[in-house]
Amino acid sequence: MSLPDSNNPYSFHEFLQWRENVDYYRDDPFLRRMVRHFAKDEADVIDAEMERFSTLVSTRWRDMAERIARPECRPYMMHYDGHRNRIDRIVRPYEIEVMEREVFGEGIFSSKTSDWMRLVKLYLIGENGESCISCPLACTEGLVALLDKFADTEALKTIRQRVKEGENGDFAIGAQYLSEIQGGSDIPANLLEARPDGDAWRLYGTKFFCSATHADYAVVTAKPGGSDKPALFVVPSWLDGNKAKEIRNGYTIDRIKWKMGTSELTTGELTYDGALAYAVGPLDRGVANAVGIVLTHSRLFIGISSGSAIARAAREARNYARFRKAFGVTIGDFPMLAAQLDTLDLAARRTTAGAFKLYGDYLGLPGGFTGGLSADADESLRKKRFDLRELIMLQKLTVTLDAPDMLRLAMSVFGGHGVMEDFSSLPRLYRDAAVNELWEGPRNVLLTQIYRDFQRVAEWYPPADFVRGVLEGLDGERTQALAEEMTRLVAHQTLFIQDDKTFEVCRRWDAFCHDFFHAYQDLAVAEVE
């Protein structure tokens, strides 16, 4: 019975004390099982390293991420200094710069860091949301992969060294600027011009969505003069010796965008006016390498970070439900809420397991991943490359729909407190997850691309064979139903006709792709458990 008391003694201390002492790795038994399953002989080494690393992520960097997310800490532009020099300084809280140096100082992309060690570290960092860290990490990974394959000049080798291994303990950061005002996914429509200048190039024109604007180097698409095919370039933000002087490399940051999520990270509009740039890879393969290397790593990263965000949300929602009482009952004991908590746990496990399994497939592909539709003479290898290409896109469109849904569900466990930004991190993680859905290809674009891919290979790779091969080991009835549905849908003539039948196929294809990748994730969970 509740009696009047003008001095309400209620406190959240018990829950907050639990949250303060959580260790992202130690307190996640499913993640540790996954490391055992996928990293195998390296698991002991990873476990030992996580004693140190996870403590940093779960305490020091977690607290920094919370503080820099406050509205008064948002980055802003200072275009000129007090002497009328154009500097385009991105003013950020000091704590962002400290955390950034510490995170990148771990040498995550160094040749000394194994693939699985890097993956686990990126996963844990993802539990803190964007924090002006996640996007630069994803972009830097793509830059490293690009340079590992194409660094064939002294300039590119120097950049590769600074990004991968650091210079005097300072690690350079990467970004990627592909989008222009006329569209993002339509890279061939780019108009930014590249003009040759000796062994290098000069860029002229504008880019419209430039995240990680503070980075040291950016991967940029531009068309060499006289060509209708975009090429890839690496552009330094400052030439040697000019960073301290705040003299940018032939470009201006015209404005910083006001966006819903990832607010600690600046996204800018840029104008290039003779910026020095270095071509990377064949000039006529710019789009293929942008998609096959740069965007592939970003999409894989989104799978990992979505899993970690849902895992944190599920963990905090469940423990809040154990603490909070209503009507004399712990709210986690209400069947409706208990079922929702199980839904959150399932989503955390399947998203994380699917991301780890897909990453393992990526690492294990003979000859590495090429991105485009493979022309390998060996049909088995051609199919494996195709499987990976489609699964990476399927994961991206699935997890970026699931993550906001699950974060919103977790927020509801907290009732009104769920939307209070100073009560928990979940509103911030929710906004970050919503941005991920539009990053590296919105859902409608990826769904259409996947559909076209399957129609193009149907003669040598029937849809039913794809389903049965990828889902081998899953329940037979479920696999058969998916195989039959995919066969029916891909048999439709095209998705580019405006009629009722095509609209129906589009809706069913959307649902099918979501269901199919959930089946892949469930297979991954079964393998781990």
# chains A, B, ... in the order shown; residues from 1 in each chain; ligands from 1
$ residues_around --residues "Lys259 of chain A" --least-positions-apart "5" --cutoff "10 Å" --atoms "only C-alpha atoms" --output "mmCIF file with C-alpha atoms, in the first residue's frame"
data_model
loop_
_atom_site.group_PDB
_atom_site.id
_atom_site.type_symbol
_atom_site.label_atom_id
_atom_site.label_comp_id
_atom_site.auth_asym_id
_atom_site.auth_seq_id
_atom_site.Cartn_x
_atom_site.Cartn_y
_atom_site.Cartn_z
ATOM 1 C CA LEU A 265 30.447 13.687 -36.263
ATOM 2 C CA THR A 266 30.570 16.498 -38.787
ATOM 3 C CA THR A 267 29.137 16.009 -42.268
ATOM 4 C CA ARG A 431 19.299 8.221 -33.775
ATOM 5 C CA VAL A 435 21.317 7.313 -39.960
#
$ residues_around --residues "Asp342 of chain A" --least-positions-apart "6" --cutoff "12 Å" --atoms "only C-alpha atoms" --output "list in words"
Ala314, Arg315, Ala317, Arg318, Gly332, Pro335, Met336, Ala348, Arg349, Met406, Leu409 and Ala410 of chain A
$ closest_atom_pairs --of "segment 227-340 of chain A" --to "segment 202-214 of chain A" --cutoff "8 Å" --atoms "only C-alpha atoms" --output "tab-separated table"
residue	atom	partner	partner_atom	distance
A:Leu265	CA	A:Ala212	CA	6.2
A:Thr266	CA	A:Ser211	CA	5.8
A:Thr267	CA	A:Ser211	CA	4.0
A:Gly268	CA	A:Cys210	CA	4.9
A:Glu269	CA	A:Phe208	CA	4.6
A:Leu270	CA	A:Lys207	CA	5.2
A:Thr271	CA	A:Thr206	CA	4.4
A:Tyr272	CA	A:Tyr204	CA	4.8
A:Asp273	CA	A:Tyr204	CA	4.9
A:Gly274	CA	A:Arg202	CA	4.7
A:Ala275	CA	A:Leu203	CA	5.2
A:Leu276	CA	A:Arg202	CA	4.9
A:Ala277	CA	A:Arg202	CA	5.8
$ select_by_dssp --residues "segment 175-242 of chain A" --states "strand (DSSP E or B)" --output "ChimeraX atom specification"
/A:175-177,179-180,183,193-197,200-211,217-224,231-236
$ write_last_selection --atoms "N, CA, C and O atoms" --output "short mmCIF file (atom, residue, chain, number, x, y, z; two decimals), in the first residue's frame"
data_model
loop_
_atom_site.label_atom_id
_atom_site.label_comp_id
_atom_site.auth_asym_id
_atom_site.auth_seq_id
_atom_site.Cartn_x
_atom_site.Cartn_y
_atom_site.Cartn_z
N ALA A 175 38.55 9.21 -44.52
CA ALA A 175 37.14 9.53 -44.80
C ALA A 175 36.87 9.11 -46.24
O ALA A 175 37.78 8.71 -46.97
N GLN A 176 35.61 9.19 -46.65
CA GLN A 176 35.27 8.90 -48.04
C GLN A 176 34.19 9.87 -48.51
O GLN A 176 33.16 10.02 -47.87
N TYR A 177 34.46 10.55 -49.62
CA TYR A 177 33.56 11.56 -50.16
C TYR A 177 33.16 11.14 -51.56
O TYR A 177 33.88 11.36 -52.53
N SER A 179 29.48 11.23 -52.59
CA SER A 179 28.18 11.80 -52.99
C SER A 179 28.30 13.25 -53.46
O SER A 179 29.07 14.04 -52.91
N GLU A 180 27.48 13.57 -54.47
CA GLU A 180 27.36 14.95 -54.94
C GLU A 180 25.89 15.35 -54.88
O GLU A 180 25.02 14.53 -54.59
N GLY A 183 23.02 13.29 -56.38
CA GLY A 183 22.68 11.95 -55.91
C GLY A 183 23.85 11.26 -55.27
O GLY A 183 25.01 11.56 -55.57
N GLU A 193 35.68 17.18 -61.23
CA GLU A 193 36.66 16.98 -62.30
C GLU A 193 38.06 16.80 -61.74
O GLU A 193 38.45 17.50 -60.79
N ALA A 194 38.82 15.90 -62.34
CA ALA A 194 40.23 15.69 -61.99
C ALA A 194 41.09 16.06 -63.20
O ALA A 194 40.86 15.55 -64.30
N ARG A 195 42.06 16.93 -62.98
CA ARG A 195 42.97 17.35 -64.05
C ARG A 195 44.39 16.89 -63.70
O ARG A 195 44.84 17.08 -62.57
N PRO A 196 45.09 16.29 -64.66
CA PRO A 196 46.44 15.80 -64.38
C PRO A 196 47.41 16.94 -64.06
O PRO A 196 47.31 18.03 -64.63
N ASP A 197 48.33 16.66 -63.14
CA ASP A 197 49.37 17.62 -62.75
C ASP A 197 50.64 16.83 -62.44
O ASP A 197 50.87 16.45 -61.29
N ALA A 200 50.60 13.64 -60.20
CA ALA A 200 49.41 13.76 -59.35
C ALA A 200 48.26 14.36 -60.16
O ALA A 200 48.31 14.43 -61.39
N TRP A 201 47.21 14.77 -59.45
CA TRP A 201 46.02 15.34 -60.08
C TRP A 201 45.56 16.54 -59.25
O TRP A 201 45.92 16.69 -58.08
N ARG A 202 44.72 17.38 -59.86
CA ARG A 202 44.08 18.48 -59.17
C ARG A 202 42.57 18.34 -59.33
O ARG A 202 42.08 18.06 -60.42
N LEU A 203 41.85 18.52 -58.23
CA LEU A 203 40.40 18.34 -58.24
C LEU A 203 39.67 19.69 -58.24
O LEU A 203 40.08 20.63 -57.54
N TYR A 204 38.55 19.73 -59.01
CA TYR A 204 37.74 20.95 -59.12
C TYR A 204 36.26 20.56 -59.09
O TYR A 204 35.81 19.73 -59.87
N GLY A 205 35.52 21.19 -58.18
CA GLY A 205 34.09 20.92 -58.09
C GLY A 205 33.65 20.75 -56.66
O GLY A 205 34.35 21.13 -55.71
N THR A 206 32.47 20.15 -56.46
CA THR A 206 31.88 20.08 -55.13
C THR A 206 31.48 18.65 -54.75
O THR A 206 31.17 17.83 -55.61
N LYS A 207 31.52 18.40 -53.46
CA LYS A 207 30.97 17.18 -52.87
C LYS A 207 29.96 17.61 -51.82
O LYS A 207 30.14 18.61 -51.12
N PHE A 208 28.90 16.80 -51.66
CA PHE A 208 27.73 17.26 -50.90
C PHE A 208 27.53 16.54 -49.57
O PHE A 208 26.88 17.09 -48.68
N PHE A 209 28.00 15.32 -49.42
CA PHE A 209 27.89 14.59 -48.16
C PHE A 209 29.28 14.09 -47.79
O PHE A 209 29.72 13.06 -48.30
N CYS A 210 29.95 14.80 -46.93
CA CYS A 210 31.34 14.50 -46.59
C CYS A 210 31.44 14.30 -45.08
O CYS A 210 31.68 15.27 -44.34
N SER A 211 31.22 13.07 -44.63
CA SER A 211 31.32 12.78 -43.20
C SER A 211 32.76 12.53 -42.81
O SER A 211 33.61 12.23 -43.65
N TYR A 217 42.87 12.15 -44.49
CA TYR A 217 42.86 11.76 -45.90
C TYR A 217 41.43 11.33 -46.26
O TYR A 217 40.72 10.76 -45.44
N ALA A 218 41.05 11.59 -47.51
CA ALA A 218 39.72 11.18 -47.98
C ALA A 218 39.83 10.44 -49.30
O ALA A 218 40.64 10.80 -50.16
N VAL A 219 39.03 9.37 -49.44
CA VAL A 219 38.86 8.70 -50.72
C VAL A 219 37.77 9.46 -51.47
O VAL A 219 36.65 9.61 -50.96
N VAL A 220 38.09 9.96 -52.66
CA VAL A 220 37.19 10.84 -53.40
C VAL A 220 37.01 10.31 -54.82
O VAL A 220 37.99 9.91 -55.47
N THR A 221 35.78 10.30 -55.31
CA THR A 221 35.52 9.97 -56.71
C THR A 221 35.51 11.25 -57.53
O THR A 221 34.94 12.27 -57.11
N ALA A 222 36.15 11.20 -58.69
CA ALA A 222 36.16 12.34 -59.62
C ALA A 222 36.40 11.82 -61.02
O ALA A 222 37.01 10.76 -61.20
N LYS A 223 35.94 12.58 -62.00
CA LYS A 223 36.11 12.17 -63.40
C LYS A 223 37.33 12.86 -64.01
O LYS A 223 37.38 14.10 -64.05
N PRO A 224 38.30 12.08 -64.48
CA PRO A 224 39.41 12.69 -65.22
C PRO A 224 38.86 13.44 -66.44
O PRO A 224 37.89 12.99 -67.07
N ALA A 231 36.97 8.06 -61.44
CA ALA A 231 38.14 7.36 -60.91
C ALA A 231 38.21 7.61 -59.41
O ALA A 231 37.49 8.46 -58.87
N LEU A 232 39.07 6.86 -58.73
CA LEU A 232 39.25 7.03 -57.29
C LEU A 232 40.55 7.76 -57.02
O LEU A 232 41.59 7.48 -57.63
N PHE A 233 40.49 8.67 -56.03
CA PHE A 233 41.66 9.44 -55.63
C PHE A 233 41.75 9.48 -54.11
O PHE A 233 40.73 9.41 -53.42
N VAL A 234 42.97 9.59 -53.62
CA VAL A 234 43.19 9.85 -52.20
C VAL A 234 43.65 11.30 -52.09
O VAL A 234 44.62 11.71 -52.73
N VAL A 235 42.93 12.06 -51.27
CA VAL A 235 43.18 13.50 -51.16
C VAL A 235 43.61 13.84 -49.73
O VAL A 235 42.83 13.62 -48.79
N PRO A 236 44.82 14.38 -49.54
CA PRO A 236 45.21 14.84 -48.19
C PRO A 236 44.41 16.07 -47.81
O PRO A 236 44.12 16.93 -48.66
#
$ select_by_dssp --residues "segment 8-76 of chain A" --states "helix (DSSP H, G or I)" --output "ChimeraX atom specification"
/A:13-20,29-68,71-73
$ atom_distance --atom1 "atom CA of Glu421 of chain A" --atom2 "atom CA of Ala347 of chain A"
23.3 Å
$ residues_around --residues "Thr296 of chain A" --least-positions-apart "6" --cutoff "10 Å" --atoms "only C-alpha atoms" --output "MDAnalysis selection string"
chainID A and resid 142 289:290 302 369:371 389 392:393 396 440
$ residues_around --residues "Tyr76 of chain A" --least-positions-apart "3" --cutoff "10 Å" --atoms "only C-alpha atoms" --output "list in words"
Cys73, His79, Asp88, Arg89, Ile90, Val91, Arg92, Pro93, Arg255, Ile256, Lys257, Glu264 and Thr266 of chain A
$ write_last_selection --atoms "N, CA and C atoms" --output "PDB file, in the first residue's frame"
ATOM      1  N   CYS A  73      28.063  20.511 -26.714  1.00  0.00           N
ATOM      2  CA  CYS A  73      29.365  20.041 -27.186  1.00  0.00           C
ATOM      3  C   CYS A  73      29.398  19.792 -28.691  1.00  0.00           C
ATOM      4  N   HIS A  79      35.393  29.469 -39.883  1.00  0.00           N
ATOM      5  CA  HIS A  79      35.929  29.592 -41.239  1.00  0.00           C
ATOM      6  C   HIS A  79      37.192  30.449 -41.302  1.00  0.00           C
ATOM      7  N   ASP A  88      38.939  27.146 -41.988  1.00  0.00           N
ATOM      8  CA  ASP A  88      37.920  26.092 -41.941  1.00  0.00           C
ATOM      9  C   ASP A  88      38.211  25.091 -40.824  1.00  0.00           C
ATOM     10  N   ARG A  89      38.361  25.626 -39.650  1.00  0.00           N
ATOM     11  CA  ARG A  89      38.636  24.784 -38.481  1.00  0.00           C
ATOM     12  C   ARG A  89      37.337  24.168 -37.968  1.00  0.00           C
ATOM     13  N   ILE A  90      37.339  22.862 -37.779  1.00  0.00           N
ATOM     14  CA  ILE A  90      36.199  22.175 -37.159  1.00  0.00           C
ATOM     15  C   ILE A  90      36.461  22.154 -35.658  1.00  0.00           C
ATOM     16  N   VAL A  91      35.696  22.936 -34.934  1.00  0.00           N
ATOM     17  CA  VAL A  91      35.901  23.060 -33.490  1.00  0.00           C
ATOM     18  C   VAL A  91      35.144  21.936 -32.797  1.00  0.00           C
ATOM     19  N   ARG A  92      35.901  21.099 -32.110  1.00  0.00           N
ATOM     20  CA  ARG A  92      35.325  19.934 -31.430  1.00  0.00           C
ATOM     21  C   ARG A  92      35.729  19.944 -29.967  1.00  0.00           C
ATOM     22  N   PRO A  93      34.945  19.303 -29.096  1.00  0.00           N
ATOM     23  CA  PRO A  93      35.334  19.213 -27.696  1.00  0.00           C
ATOM     24  C   PRO A  93      36.687  18.509 -27.549  1.00  0.00           C
ATOM     25  N   ARG A 255      29.967  24.347 -45.436  1.00  0.00           N
ATOM     26  CA  ARG A 255      29.048  24.331 -44.293  1.00  0.00           C
ATOM     27  C   ARG A 255      29.043  22.951 -43.669  1.00  0.00           C
ATOM     28  N   ILE A 256      28.592  22.899 -42.417  1.00  0.00           N
ATOM     29  CA  ILE A 256      28.373  21.632 -41.708  1.00  0.00           C
ATOM     30  C   ILE A 256      26.877  21.381 -41.664  1.00  0.00           C
ATOM     31  N   LYS A 257      26.467  20.184 -42.025  1.00  0.00           N
ATOM     32  CA  LYS A 257      25.039  19.862 -42.093  1.00  0.00           C
ATOM     33  C   LYS A 257      24.449  19.635 -40.699  1.00  0.00           C
ATOM     34  N   GLU A 264      27.782  14.009 -33.177  1.00  0.00           N
ATOM     35  CA  GLU A 264      29.138  14.357 -32.756  1.00  0.00           C
ATOM     36  C   GLU A 264      30.094  14.384 -33.944  1.00  0.00           C
ATOM     37  N   THR A 266      30.955  15.499 -37.797  1.00  0.00           N
ATOM     38  CA  THR A 266      30.570  16.498 -38.787  1.00  0.00           C
ATOM     39  C   THR A 266      30.391  15.869 -40.163  1.00  0.00           C
TER      40      THR A 266
END
$ residues_around --residues "Ile159 of chain A" --least-positions-apart "5" --cutoff "12 Å" --atoms "only C-alpha atoms" --output "PyMOL selection string"
chain A and resi 140+143-144+146-148+150-154+164-167+171-174+216-219+234-237+239-240+277-278+280
